[in-house]
$ cat structure_10.txt   # compact mmCIF, C-alpha atoms
# COMPACT_ATOMS: atom_id res chain seq x y z
CA MET A 104 0.00 0.00 0.00
CA ALA A 105 1.42 3.38 -0.98
CA PHE A 106 0.60 6.72 0.58
CA VAL A 107 0.99 10.21 -0.86
CA GLU A 108 0.55 12.89 1.71
CA ASP A 109 0.28 16.66 1.31
CA SER A 110 -0.94 19.36 3.61
CA ASN A 111 -4.57 18.91 2.64
CA SER A 112 -5.25 15.29 1.93
CA LEU A 113 -3.98 11.79 2.20
CA THR A 114 -4.25 9.63 -0.90
CA VAL A 115 -4.11 5.91 -0.35
CA THR A 116 -3.10 3.79 -3.30
CA ALA A 117 -4.53 0.39 -2.49
CA GLY A 118 -3.19 -2.83 -3.96
CA GLY A 119 0.52 -2.00 -3.53
CA ALA A 120 3.09 -0.87 -6.09
CA ARG A 121 2.58 -1.77 -9.75
CA VAL A 122 4.86 -4.21 -11.55
CA GLU A 123 6.40 -1.26 -13.43
CA ASP A 124 7.24 0.39 -10.11
CA TYR A 125 9.01 -2.74 -8.87
CA VAL A 126 10.98 -2.75 -12.12
CA ALA A 127 11.83 0.96 -11.63
CA LEU A 128 13.06 0.18 -8.10
CA LEU A 129 15.67 -2.09 -9.68
CA LYS A 130 17.20 0.87 -11.57
CA PRO A 131 17.06 -0.78 -15.02
CA ARG A 132 19.29 1.84 -16.68
CA VAL A 133 22.11 1.28 -14.18
CA MET A 134 21.46 -2.44 -14.49
CA SER A 135 22.02 -2.32 -18.26
CA LEU A 136 25.53 -0.85 -17.78
CA VAL A 137 26.28 -3.46 -15.11
CA VAL A 138 25.12 -6.24 -17.43
CA PHE A 139 27.22 -4.88 -20.28
CA THR A 140 30.44 -4.67 -18.22
CA ALA A 141 29.79 -8.08 -16.61
CA ILE A 142 29.39 -9.64 -20.07
CA ILE A 143 32.72 -8.07 -21.07
CA GLY A 144 34.46 -9.68 -18.08
CA LEU A 145 32.80 -12.99 -18.82
CA LEU A 146 33.74 -12.97 -22.52
CA LEU A 147 37.34 -11.87 -21.92
CA ALA A 148 38.05 -14.59 -19.37
CA PRO A 149 40.49 -17.16 -20.77
CA SER A 150 38.68 -20.40 -20.00
CA GLY A 151 35.29 -21.36 -21.39
CA ILE A 152 31.93 -21.51 -19.68
CA ASN A 153 28.70 -23.32 -20.52
CA PRO A 154 26.50 -20.76 -22.34
CA VAL A 155 23.49 -21.59 -20.14
CA ILE A 156 25.58 -21.04 -17.01
CA ALA A 157 26.90 -17.79 -18.55
CA VAL A 158 23.34 -16.51 -19.09
CA ILE A 159 22.39 -17.47 -15.51
CA ALA A 160 25.52 -15.73 -14.18
CA ILE A 161 24.71 -12.51 -16.05
CA LEU A 162 21.11 -12.70 -14.86
CA CYS A 163 22.31 -13.08 -11.26
CA ILE A 164 24.67 -10.11 -11.58
CA ALA A 165 21.83 -8.03 -13.09
CA VAL A 166 19.37 -8.99 -10.34
CA GLY A 167 22.03 -8.39 -7.68
CA ALA A 168 22.64 -4.91 -9.11
CA GLY A 169 18.88 -4.36 -9.17
CA GLY A 170 18.63 -5.46 -5.54
CA SER A 171 21.31 -2.98 -4.49
CA GLY A 172 19.47 -0.29 -6.49
CA ALA A 173 16.25 -1.02 -4.58
CA LEU A 174 18.14 -0.87 -1.27
CA ASN A 175 19.59 2.48 -2.39
CA MET A 176 16.09 3.81 -3.13
CA TRP A 177 14.83 2.47 0.20
CA PHE A 178 17.49 4.37 2.14
CA ASP A 179 17.65 7.50 -0.04
CA ALA A 180 13.90 8.15 -0.36
CA ASP A 181 14.22 11.40 1.60
CA ILE A 182 16.89 12.94 -0.62
CA ASP A 183 15.39 11.49 -3.82
CA ALA A 184 12.25 13.52 -3.09
CA VAL A 185 14.28 16.76 -3.10
CA MET A 186 16.20 16.29 -6.36
CA SER A 187 14.49 16.88 -9.71
CA ARG A 188 16.40 13.98 -11.29
CA THR A 189 15.06 11.48 -8.75
CA ALA A 190 11.77 13.02 -7.56
CA ASN A 191 9.74 10.79 -9.87
CA ARG A 192 11.19 7.55 -8.50
CA PRO A 193 8.53 5.18 -7.12
CA ILE A 194 8.96 5.99 -3.41
CA PRO A 195 9.10 9.83 -3.51
CA ALA A 196 6.33 9.81 -6.14
CA GLY A 197 4.17 7.75 -3.76
CA ARG A 198 3.83 4.72 -6.02
CA ALA A 199 5.72 2.36 -3.68
CA THR A 200 6.54 2.25 0.00
CA ARG A 201 9.98 2.05 1.56
CA GLY A 202 9.04 -1.37 2.97
CA GLU A 203 8.32 -2.67 -0.54
CA ALA A 204 11.70 -1.40 -1.76
CA LEU A 205 13.53 -2.94 1.21
CA ALA A 206 11.83 -6.31 0.74
CA LEU A 207 12.51 -6.31 -3.00
CA GLY A 208 16.16 -5.31 -2.45
CA LEU A 209 16.81 -8.00 0.16
CA ILE A 210 15.06 -10.76 -1.80
CA CYS A 211 16.84 -9.91 -5.08
CA SER A 212 20.21 -9.61 -3.32
CA GLY A 213 19.85 -12.89 -1.43
CA PHE A 214 18.60 -14.93 -4.37
CA SER A 215 21.12 -13.52 -6.86
CA VAL A 216 24.09 -14.32 -4.61
CA MET A 217 22.83 -17.79 -3.75
CA ILE A 218 22.03 -18.78 -7.34
CA LEU A 219 25.32 -17.34 -8.68
CA GLY A 220 27.19 -19.41 -6.11
CA LEU A 221 25.30 -22.58 -7.05
CA ALA A 222 25.65 -21.93 -10.79
CA THR A 223 29.29 -20.84 -10.98
CA ASN A 224 31.50 -20.61 -7.90
CA TRP A 225 31.45 -19.02 -4.47
CA LEU A 226 34.22 -16.52 -5.24
CA ALA A 227 31.99 -14.89 -7.87
CA ALA A 228 29.04 -15.06 -5.47
CA GLY A 229 31.17 -13.56 -2.69
CA LEU A 230 32.26 -10.72 -4.96
CA LEU A 231 28.62 -10.06 -5.90
CA ALA A 232 27.60 -10.06 -2.22
CA PHE A 233 30.45 -7.67 -1.41
CA THR A 234 29.45 -5.39 -4.30
CA ILE A 235 25.85 -5.21 -3.06
CA PHE A 236 27.07 -4.56 0.50
CA PHE A 237 29.53 -1.93 -0.73
CA TYR A 238 26.89 -0.06 -2.75
CA ALA A 239 24.02 -0.31 -0.26
CA VAL A 240 25.92 0.13 3.00
CA ILE A 241 29.34 1.69 2.40
CA TYR A 242 28.27 4.07 -0.38
CA THR A 243 24.55 4.73 0.18
CA MET A 244 24.36 4.69 3.97
CA TRP A 245 27.77 6.11 4.79
CA LEU A 246 29.90 7.81 2.13
CA LYS A 247 27.20 9.51 0.05
CA ARG A 248 26.07 11.82 2.86
CA SER A 249 29.39 12.27 4.62
CA THR A 250 32.23 13.02 2.19
CA PRO A 251 32.79 14.74 -1.18
CA GLN A 252 34.90 11.71 -2.09
CA ASN A 253 31.70 9.62 -1.99
CA ILE A 254 31.66 8.64 -5.63
CA VAL A 255 35.43 8.07 -5.81
CA ILE A 256 35.30 5.31 -3.20
CA GLY A 257 31.71 4.34 -3.94
CA GLY A 258 32.63 3.95 -7.60
CA ALA A 259 34.22 0.63 -6.68
CA ALA A 260 30.72 -0.86 -6.48
CA GLY A 261 30.13 -0.10 -10.15
CA ALA A 262 33.58 -1.36 -11.09
CA PHE A 263 33.16 -4.88 -9.73
CA PRO A 264 30.79 -6.39 -12.37
CA PRO A 265 33.49 -7.26 -14.97
CA MET A 266 35.54 -8.80 -12.16
CA ILE A 267 32.50 -10.86 -11.10
CA GLY A 268 31.92 -11.94 -14.72
CA TRP A 269 35.57 -12.97 -15.01
CA ALA A 270 35.49 -14.81 -11.65
CA ALA A 271 32.31 -16.62 -12.71
CA VAL A 272 34.31 -18.22 -15.54
CA THR A 273 37.75 -18.72 -14.04
CA GLY A 274 37.08 -18.85 -10.31
CA ASP A 275 39.85 -16.36 -9.64
CA VAL A 276 40.75 -12.67 -9.62
CA SER A 277 43.51 -11.92 -12.10
CA LEU A 278 45.55 -8.89 -13.13
CA ALA A 279 43.40 -8.53 -16.26
CA SER A 280 40.16 -8.40 -14.27
CA CYS A 281 41.80 -5.86 -11.94
CA VAL A 282 42.60 -3.66 -14.98
CA LEU A 283 38.94 -3.84 -16.08
CA PHE A 284 37.98 -2.88 -12.54
CA LEU A 285 40.43 0.04 -12.58
CA ILE A 286 39.11 1.43 -15.87
CA ILE A 287 35.55 1.70 -14.52
CA PHE A 288 36.78 2.83 -11.11
CA LEU A 289 38.71 5.75 -12.65
CA TRP A 290 35.92 6.51 -15.13
CA THR A 291 33.36 7.04 -12.36
CA PRO A 292 34.65 10.33 -10.83
CA PRO A 293 34.76 12.38 -14.07
CA HIS A 294 31.42 10.86 -15.11
CA PHE A 295 29.57 11.72 -11.89
CA TRP A 296 31.33 15.00 -11.18
CA ALA A 297 30.31 16.19 -14.66
CA LEU A 298 26.72 15.38 -13.67
CA ALA A 299 27.22 17.04 -10.28
CA LEU A 300 28.49 20.21 -11.98
CA TYR A 301 25.30 20.82 -13.91
CA LYS A 302 23.03 19.45 -11.18
CA GLN A 303 24.79 21.02 -8.21
CA GLY A 304 21.66 22.95 -7.20
CA ASP A 305 19.86 19.63 -6.75
CA TYR A 306 22.64 18.07 -4.71
CA GLY A 307 22.97 21.22 -2.61
CA ALA A 308 19.22 21.22 -1.85
CA ALA A 309 19.41 17.56 -0.83
CA GLY A 310 22.42 18.23 1.40
CA ILE A 311 24.67 15.75 -0.39
CA PRO A 312 28.30 16.85 -0.15
CA MET A 313 29.19 16.46 -3.82
CA LEU A 314 32.57 17.92 -4.78
CA PRO A 315 31.22 21.02 -6.63
CA ASN A 316 29.13 21.98 -3.58
CA VAL A 317 31.95 21.43 -1.11
CA ALA A 318 35.18 22.35 -2.95
CA GLY A 319 33.77 24.60 -5.66
CA GLU A 320 33.51 24.40 -9.43
CA GLN A 321 37.15 25.10 -10.27
CA ALA A 322 38.45 22.41 -7.90
CA THR A 323 35.96 19.94 -9.41
CA LYS A 324 37.04 20.78 -12.95
CA THR A 325 40.67 20.23 -11.93
CA GLN A 326 39.82 16.88 -10.35
CA ILE A 327 37.87 15.85 -13.45
CA LEU A 328 40.85 16.67 -15.64
CA LEU A 329 43.27 14.76 -13.38
CA TYR A 330 41.08 11.67 -13.22
CA SER A 331 40.54 11.85 -17.00
CA VAL A 332 44.31 11.79 -17.59
CA ILE A 333 44.76 8.80 -15.27
CA LEU A 334 41.73 7.08 -16.83
CA VAL A 335 43.03 7.45 -20.39
CA ALA A 336 46.49 6.21 -19.34
CA THR A 337 44.92 3.22 -17.57
CA SER A 338 42.70 2.46 -20.57
CA LEU A 339 45.90 1.73 -22.53
CA LEU A 340 47.03 -0.96 -20.08
CA PRO A 341 45.17 -3.95 -21.60
CA GLN A 342 47.71 -4.29 -24.40
CA ALA A 343 50.61 -4.07 -21.94
CA ILE A 344 49.26 -7.09 -20.02
CA GLY A 345 48.36 -9.06 -23.16
CA LEU A 346 44.61 -8.61 -22.86
CA SER A 347 44.29 -6.76 -26.16
CA GLY A 348 46.04 -5.85 -29.38
CA TRP A 349 46.46 -2.72 -31.46
CA LEU A 350 42.82 -2.45 -32.50
CA TYR A 351 41.67 -1.85 -28.95
CA THR A 352 44.62 0.41 -28.16
CA GLY A 353 43.87 2.54 -31.25
CA VAL A 354 40.20 2.92 -30.31
CA ALA A 355 41.09 3.65 -26.66
CA ALA A 356 43.67 6.25 -27.72
CA VAL A 357 41.31 8.09 -30.09
CA THR A 358 38.26 8.03 -27.79
CA GLY A 359 40.52 8.82 -24.81
CA ALA A 360 41.92 11.86 -26.65
CA SER A 361 38.35 13.09 -27.21
CA PHE A 362 37.60 12.49 -23.52
CA LEU A 363 40.64 14.58 -22.56
CA PHE A 364 39.69 17.28 -25.08
CA ILE A 365 36.25 17.71 -23.47
CA ALA A 366 37.79 17.59 -19.97
CA VAL A 367 40.21 20.38 -20.97
CA ARG A 368 37.31 22.40 -22.47
CA LEU A 369 35.45 21.96 -19.19
CA TYR A 370 38.54 23.01 -17.23
CA ARG A 371 38.83 26.18 -19.33
CA SER A 372 35.10 26.94 -19.43
CA ALA A 373 34.07 30.26 -17.97
CA GLY A 374 30.62 31.24 -16.81
CA ALA A 375 27.88 28.95 -15.56
CA PRO A 376 25.98 28.43 -18.86
CA GLN A 377 29.07 27.36 -20.81
CA MET A 378 30.37 25.25 -17.92
CA LYS A 379 27.04 23.44 -17.57
CA LYS A 380 26.84 22.84 -21.31
CA VAL A 381 30.34 21.32 -21.47
CA ALA A 382 29.75 19.34 -18.25
CA ARG A 383 26.61 17.86 -19.77
CA SER A 384 28.46 16.90 -22.95
CA LEU A 385 31.24 15.28 -20.89
CA PHE A 386 28.64 13.30 -18.92
CA THR A 387 26.98 12.08 -22.12
CA TYR A 388 30.26 11.39 -23.87
CA SER A 389 31.65 9.44 -20.90
CA LEU A 390 28.78 6.95 -21.20
CA SER A 391 29.45 6.23 -24.85
CA TYR A 392 33.22 6.24 -24.18
CA LEU A 393 32.95 3.35 -21.73
CA PHE A 394 30.66 1.45 -24.07
CA VAL A 395 32.97 1.97 -27.07
CA ILE A 396 36.25 0.99 -25.39
CA PHE A 397 34.76 -2.13 -23.80
CA PHE A 398 33.13 -3.11 -27.07
CA ALA A 399 36.47 -2.57 -28.83
CA LEU A 400 38.11 -4.78 -26.21
CA ILE A 401 35.75 -7.62 -27.09
CA VAL A 402 36.09 -7.17 -30.85
CA ASP A 403 39.89 -7.06 -30.50
CA HIS A 404 39.97 -10.12 -28.20
CA TRP A 405 37.68 -12.26 -30.34
CA GLY A 406 39.22 -10.96 -33.57
CA ARG A 407 42.64 -12.14 -32.43
CA MET A 408 41.23 -15.44 -31.18
CA ILE A 409 39.71 -16.37 -34.52
CA GLY A 410 42.58 -14.87 -36.49
CA TRP A 411 40.83 -11.88 -38.06
CA ILE A 412 43.38 -9.48 -36.65
CA GLY A 413 47.00 -10.04 -35.72
CA MET B 202 -10.10 18.06 2.41
CA ASN B 203 -8.11 18.23 5.66
CA GLY B 204 -7.68 14.72 7.04
CA GLN B 205 -9.91 13.26 4.32
CA LEU B 206 -9.08 9.75 3.13
CA VAL B 207 -9.32 9.26 -0.63
CA THR B 208 -9.44 5.56 -1.50
CA GLN B 209 -8.72 4.39 -5.03
CA ASP B 210 -11.44 2.65 -6.88
CA ASP B 211 -11.79 -0.96 -5.68
CA GLU B 212 -11.72 -2.29 -9.22
CA ALA B 213 -8.43 -0.55 -9.97
CA ALA B 214 -6.96 -1.96 -6.76
CA LYS B 215 -8.17 -5.43 -7.68
CA ARG B 216 -6.65 -5.15 -11.15
CA ARG B 217 -3.37 -4.02 -9.65
CA ARG B 218 -3.31 -6.91 -7.19
CA ARG B 219 -4.19 -9.32 -9.98
CA ARG B 220 -1.33 -8.03 -12.18
CA ASN B 221 1.09 -8.27 -9.25
CA SER B 222 -0.04 -11.83 -8.50
CA ILE B 223 0.45 -12.85 -12.14
CA ALA B 224 3.91 -11.24 -12.17
CA LEU B 225 4.86 -13.01 -8.92
CA GLY B 226 3.60 -16.30 -10.33
CA LEU B 227 5.68 -15.83 -13.45
CA VAL B 228 8.78 -15.03 -11.38
CA LEU B 229 8.26 -18.15 -9.26
CA GLY B 230 7.69 -20.26 -12.38
CA PHE B 231 10.85 -18.83 -13.87
CA LEU B 232 12.79 -19.70 -10.70
CA VAL B 233 11.55 -23.30 -10.85
CA LEU B 234 12.64 -23.51 -14.50
CA LEU B 235 15.98 -21.89 -13.61
CA PHE B 236 16.74 -24.44 -10.90
CA TYR B 237 15.68 -27.28 -13.20
CA VAL B 238 17.93 -26.09 -16.05
CA LEU B 239 20.77 -25.42 -13.62
CA THR B 240 20.52 -28.93 -12.20
CA ILE B 241 20.47 -30.53 -15.67
CA VAL B 242 23.44 -28.46 -16.88
CA LYS B 243 25.50 -29.04 -13.73
CA MET B 244 24.67 -32.71 -13.15
CA GLY B 245 23.53 -33.92 -16.56
CA PRO B 246 26.98 -34.56 -18.12
CA GLY B 247 28.07 -36.58 -15.08
CA ILE B 248 24.95 -38.74 -15.18
CA ILE B 249 25.30 -39.36 -18.93
CA SER B 250 28.98 -40.32 -18.64
CA GLN B 251 28.18 -42.76 -15.80
CA ARG B 252 25.48 -44.37 -17.93
CA ASP B 253 28.02 -44.83 -20.74
CA LEU B 254 30.23 -46.82 -18.37
$ encode --input "structure_10.txt" --output "structure tokens"
Amino acid sequence: MAFVEDSNSLTVTAGGARVEDYVALLKPRVMSLVVFTAIIGLLLAPSGINPVIAVIAILCIAVGAGGSGALNMWFDADIDAVMSRTANRPIPAGRATRGEALALGLICSGFSVMILGLATNWLAAGLLAFTIFFYAVIYTMWLKRSTPQNIVIGGAAGAFPPMIGWAAVTGDVSLASCVLFLIIFLWTPPHFWALALYKQGDYGAAGIPMLPNVAGEQATKTQILLYSVILVATSLLPQAIGLSGWLYTGVAAVTGASFLFIAVRLYRSAGAPQMKKVARSLFTYSLSYLFVIFFALIVDHWGRMIGWIG
Amino acid sequence: MNGQLVTQDDEAAKRRRRRNSIALGLVLGFLVLLFYVLTIVKMGPGIISQRDL
């Protein structure tokens, strides 16, 4: 049962949240990125895996990510109601209760970890459980409201999926899976700080100590540029450790140069309208950047395996 | 309106509950199928190779 209350009336929505609201609680857009990066880890892993088991593993990682998303919405309902970007989520919009989100989050988390363990191995399941814990407890309940470095450390939660995909196949954590982790880990700060730059009013109103609100715009732009440089350098590591060939490195170099170009433009931007415009373009570009370099990694890897490229 | 309770139409609530029940049923059915497939994939090859002996 969901309740929407204002100063004049109390509306009771009987029958509980709709199926669409339960789906929205799982953060399907975040889930799609998690699924994509987990598939990359799974496909890059050296040993083979039964395709049915692979599909089940990806499903478990997706549901686990969804569970952590529901737990995030359960805990953050108060600040979601304040921000324009999140005000229409099921709980602040009154279409679902916090109890429904908590139950959904716990059930999805528990089942996804258990089934992943039974289907693949308990290292992968343990990593998934740790990722859910890290996102729901370390990031959502602790870091997000207490430090401007929230998304730097919290970004680890989003960086684990390729490592889980890899572990599901091999049963171990290797240098290659750590590099995949590092790429997403270093990609997260410029991605979210770009968003925070053009949504800083929202974050300020919600009392979240995002870097632009705490350290100022110029400091944030500097940090974005620094992380972008380290990210682009790290994105070139796969060839150094034998995970990729020249095709990937070429794509990573070109798209990385564009990333740096936008980060420099943001660094040099003057005036709020221009800064917000460039910050928005960096945010959008960073999404396609991650997709393109990971896709290139797969094409390169499989191309070399079947002898299409040297 | 102060303190007034506005209850959604009973029919709408029933439809919502019915849709949720169907969705839950489908999820449970999917879980049953998942465990069945998982068991066959994990144990099937071992059973077949034993039969060959």
$ closest_atom_pairs --input "structure_10.txt" --of "region 268-313 of chain A" --to "region 227-243 of chain A" --cutoff "8 Å" --atoms "all atoms listed in the file" --output "CSV"
residue,atom,partner,partner_atom,distance
A:Gly268,CA,A:Ala227,CA,7.5
A:Ala270,CA,A:Ala227,CA,5.2
A:Ala271,CA,A:Ala227,CA,5.1
A:Gly274,CA,A:Ala227,CA,6.9
$ residues_near_point --input "structure_10.txt" --point "(16.1, -17.1, -7.7)" --cutoff "7 Å" --atoms "all atoms listed in the file" --output "VMD selection string"
(chain A and resid 214 to 215 218) or (chain B and resid 232)
$ atom_distance --input "structure_10.txt" --atom1 "CA of Ile182 (chain A)" --atom2 "CA of Gly208 (chain A)"
18.4 Å
$ closest_residue --input "structure_10.txt" --among "A:Gly170, A:Asn175, A:Gly261, A:Leu385" --to "Leu136 (chain A)" --atoms "only C-alpha atoms"
A:Gly261
$ residues_around --input "structure_10.txt" --residues "Leu145 (chain A)" --least-positions-apart "5" --cutoff "10 Å" --atoms "all atoms listed in the file" --output "PyMOL selection string"
chain A and resi 139-140+150-152+157+160-161+264-273+280
$ residues_around --input "structure_10.txt" --residues "region 388-395 of chain A" --least-positions-apart "6" --cutoff "8 Å" --atoms "only C-alpha atoms" --output "list in words"
Ile287, Trp290, His294, Val354, Thr358, Gly359 and Phe362 of chain A
$ closest_residue --input "structure_10.txt" --among "A:Leu289, A:Ala222, A:Ile210, A:Leu146" --to "Ile254 (chain A)" --atoms "only C-alpha atoms"
A:Leu289
$ atom_distance --input "structure_10.txt" --atom1 "CA of Lys243 (chain B)" --atom2 "CA of Ile156 (chain A)"
8.6 Å
$ residues_around --input "structure_10.txt" --residues "Leu205 (chain A)" --least-positions-apart "4" --cutoff "8 Å" --atoms "all atoms listed in the file" --output "compact mmCIF listing (two decimals) with C-alpha atoms, keeping the file's coordinate frame"
# COMPACT_ATOMS: atom_id res chain seq x y z
CA ALA A 173 16.25 -1.02 -4.58
CA LEU A 174 18.14 -0.87 -1.27
CA TRP A 177 14.83 2.47 0.20
CA ARG A 201 9.98 2.05 1.56
CA LEU A 209 16.81 -8.00 0.16
$ atom_distance --input "structure_10.txt" --atom1 "CA of Glu212 (chain B)" --atom2 "CA of Ala127 (chain A)"
23.9 Å
$ closest_residue --input "structure_10.txt" --among "B:Phe231, B:Met244, B:Ile249, B:Asp210" --to "Leu162 (chain A)" --atoms "all atoms listed in the file"
B:Phe231
$ residues_around --input "structure_10.txt" --residues "region 215-230 of chain B" --least-positions-apart "4" --cutoff "9 Å" --atoms "all atoms listed in the file" --output "PDB file with C-alpha atoms, in the coordinates of the input"
ATOM      1  CA  ALA A 117      -4.530   0.390  -2.490  1.00  0.00           C
ATOM      2  CA  GLY A 118      -3.190  -2.830  -3.960  1.00  0.00           C
ATOM      3  CA  GLY A 119       0.520  -2.000  -3.530  1.00  0.00           C
ATOM      4  CA  ALA A 120       3.090  -0.870  -6.090  1.00  0.00           C
ATOM      5  CA  ARG A 121       2.580  -1.770  -9.750  1.00  0.00           C
ATOM      6  CA  VAL A 122       4.860  -4.210 -11.550  1.00  0.00           C
TER       7      VAL A 122
ATOM      8  CA  ASP B 210     -11.440   2.650  -6.880  1.00  0.00           C
ATOM      9  CA  ASP B 211     -11.790  -0.960  -5.680  1.00  0.00           C
ATOM     10  CA  LEU B 234      12.640 -23.510 -14.500  1.00  0.00           C
ATOM     11  CA  LEU B 235      15.980 -21.890 -13.610  1.00  0.00           C
TER      12      LEU B 235
END
$ closest_residue --input "structure_10.txt" --among "B:Val233, B:Ala214, B:Val238, B:Ile248" --to "chain A" --atoms "only C-alpha atoms"
B:Ala214
$ closest_residue --input "structure_10.txt" --among "A:Ala180, A:Leu221, A:Ile164, A:Leu129" --to "chain B" --atoms "only C-alpha atoms"
A:Leu221
$ axis_aligned_box --input "structure_10.txt" --around "region 211-224 of chain B" --padding-each-side "5 Å" --output "AutoDock Vina command-line options"
--center_x -3.9 --center_y -6.7 --center_z -8.9 --size_x 25.7 --size_y 22.3 --size_z 16.5
$ decode --input "structure_10.txt" --residues "region 202-223 of chain A" --atoms "N, CA and C atoms" --output "tab-separated table (two decimals), in the first residue's frame"
chain	number	residue	atom	x	y	z
A	202	GLY	N	9.05	0.05	2.59
A	202	GLY	CA	9.04	-1.37	2.97
A	202	GLY	C	9.08	-2.27	1.73
A	203	GLU	N	8.33	-1.88	0.70
A	203	GLU	CA	8.32	-2.67	-0.54
A	203	GLU	C	9.71	-2.67	-1.18
A	204	ALA	N	10.36	-1.50	-1.17
A	204	ALA	CA	11.70	-1.40	-1.76
A	204	ALA	C	12.71	-2.24	-0.97
A	205	LEU	N	12.61	-2.16	0.36
A	205	LEU	CA	13.53	-2.94	1.21
A	205	LEU	C	13.36	-4.43	0.98
A	206	ALA	N	12.09	-4.88	0.95
A	206	ALA	CA	11.83	-6.31	0.74
A	206	ALA	C	12.35	-6.76	-0.62
A	207	LEU	N	12.05	-5.96	-1.66
A	207	LEU	CA	12.51	-6.31	-3.00
A	207	LEU	C	14.04	-6.37	-3.05
A	208	GLY	N	14.69	-5.37	-2.44
A	208	GLY	CA	16.16	-5.31	-2.45
A	208	GLY	C	16.77	-6.52	-1.76
A	209	LEU	N	16.24	-6.87	-0.59
A	209	LEU	CA	16.81	-8.00	0.16
A	209	LEU	C	16.58	-9.33	-0.57
A	210	ILE	N	15.37	-9.49	-1.11
A	210	ILE	CA	15.06	-10.76	-1.80
A	210	ILE	C	15.94	-10.90	-3.05
A	211	CYS	N	16.02	-9.84	-3.85
A	211	CYS	CA	16.84	-9.91	-5.08
A	211	CYS	C	18.31	-10.16	-4.73
A	212	SER	N	18.80	-9.46	-3.70
A	212	SER	CA	20.21	-9.61	-3.32
A	212	SER	C	20.49	-11.05	-2.87
A	213	GLY	N	19.64	-11.54	-1.97
A	213	GLY	CA	19.85	-12.89	-1.43
A	213	GLY	C	19.80	-13.96	-2.51
A	214	PHE	N	18.76	-13.90	-3.34
A	214	PHE	CA	18.60	-14.93	-4.37
A	214	PHE	C	19.71	-14.86	-5.42
A	215	SER	N	20.10	-13.64	-5.81
A	215	SER	CA	21.12	-13.52	-6.86
A	215	SER	C	22.46	-14.10	-6.38
A	216	VAL	N	22.82	-13.82	-5.13
A	216	VAL	CA	24.09	-14.32	-4.61
A	216	VAL	C	24.05	-15.85	-4.49
A	217	MET	N	22.95	-16.35	-3.95
A	217	MET	CA	22.83	-17.79	-3.75
A	217	MET	C	22.87	-18.54	-5.09
A	218	ILE	N	22.10	-18.06	-6.05
A	218	ILE	CA	22.03	-18.78	-7.34
A	218	ILE	C	23.36	-18.65	-8.10
A	219	LEU	N	24.01	-17.47	-8.00
A	219	LEU	CA	25.32	-17.34	-8.68
A	219	LEU	C	26.33	-18.32	-8.09
A	220	GLY	N	26.29	-18.46	-6.76
A	220	GLY	CA	27.19	-19.41	-6.11
A	220	GLY	C	26.93	-20.84	-6.56
A	221	LEU	N	25.66	-21.22	-6.64
A	221	LEU	CA	25.30	-22.58	-7.05
A	221	LEU	C	25.64	-22.81	-8.53
A	222	ALA	N	25.45	-21.76	-9.35
A	222	ALA	CA	25.65	-21.93	-10.79
A	222	ALA	C	27.11	-21.88	-11.19
A	223	THR	N	27.89	-21.00	-10.55
A	223	THR	CA	29.29	-20.84	-10.98
A	223	THR	C	30.23	-21.24	-9.85
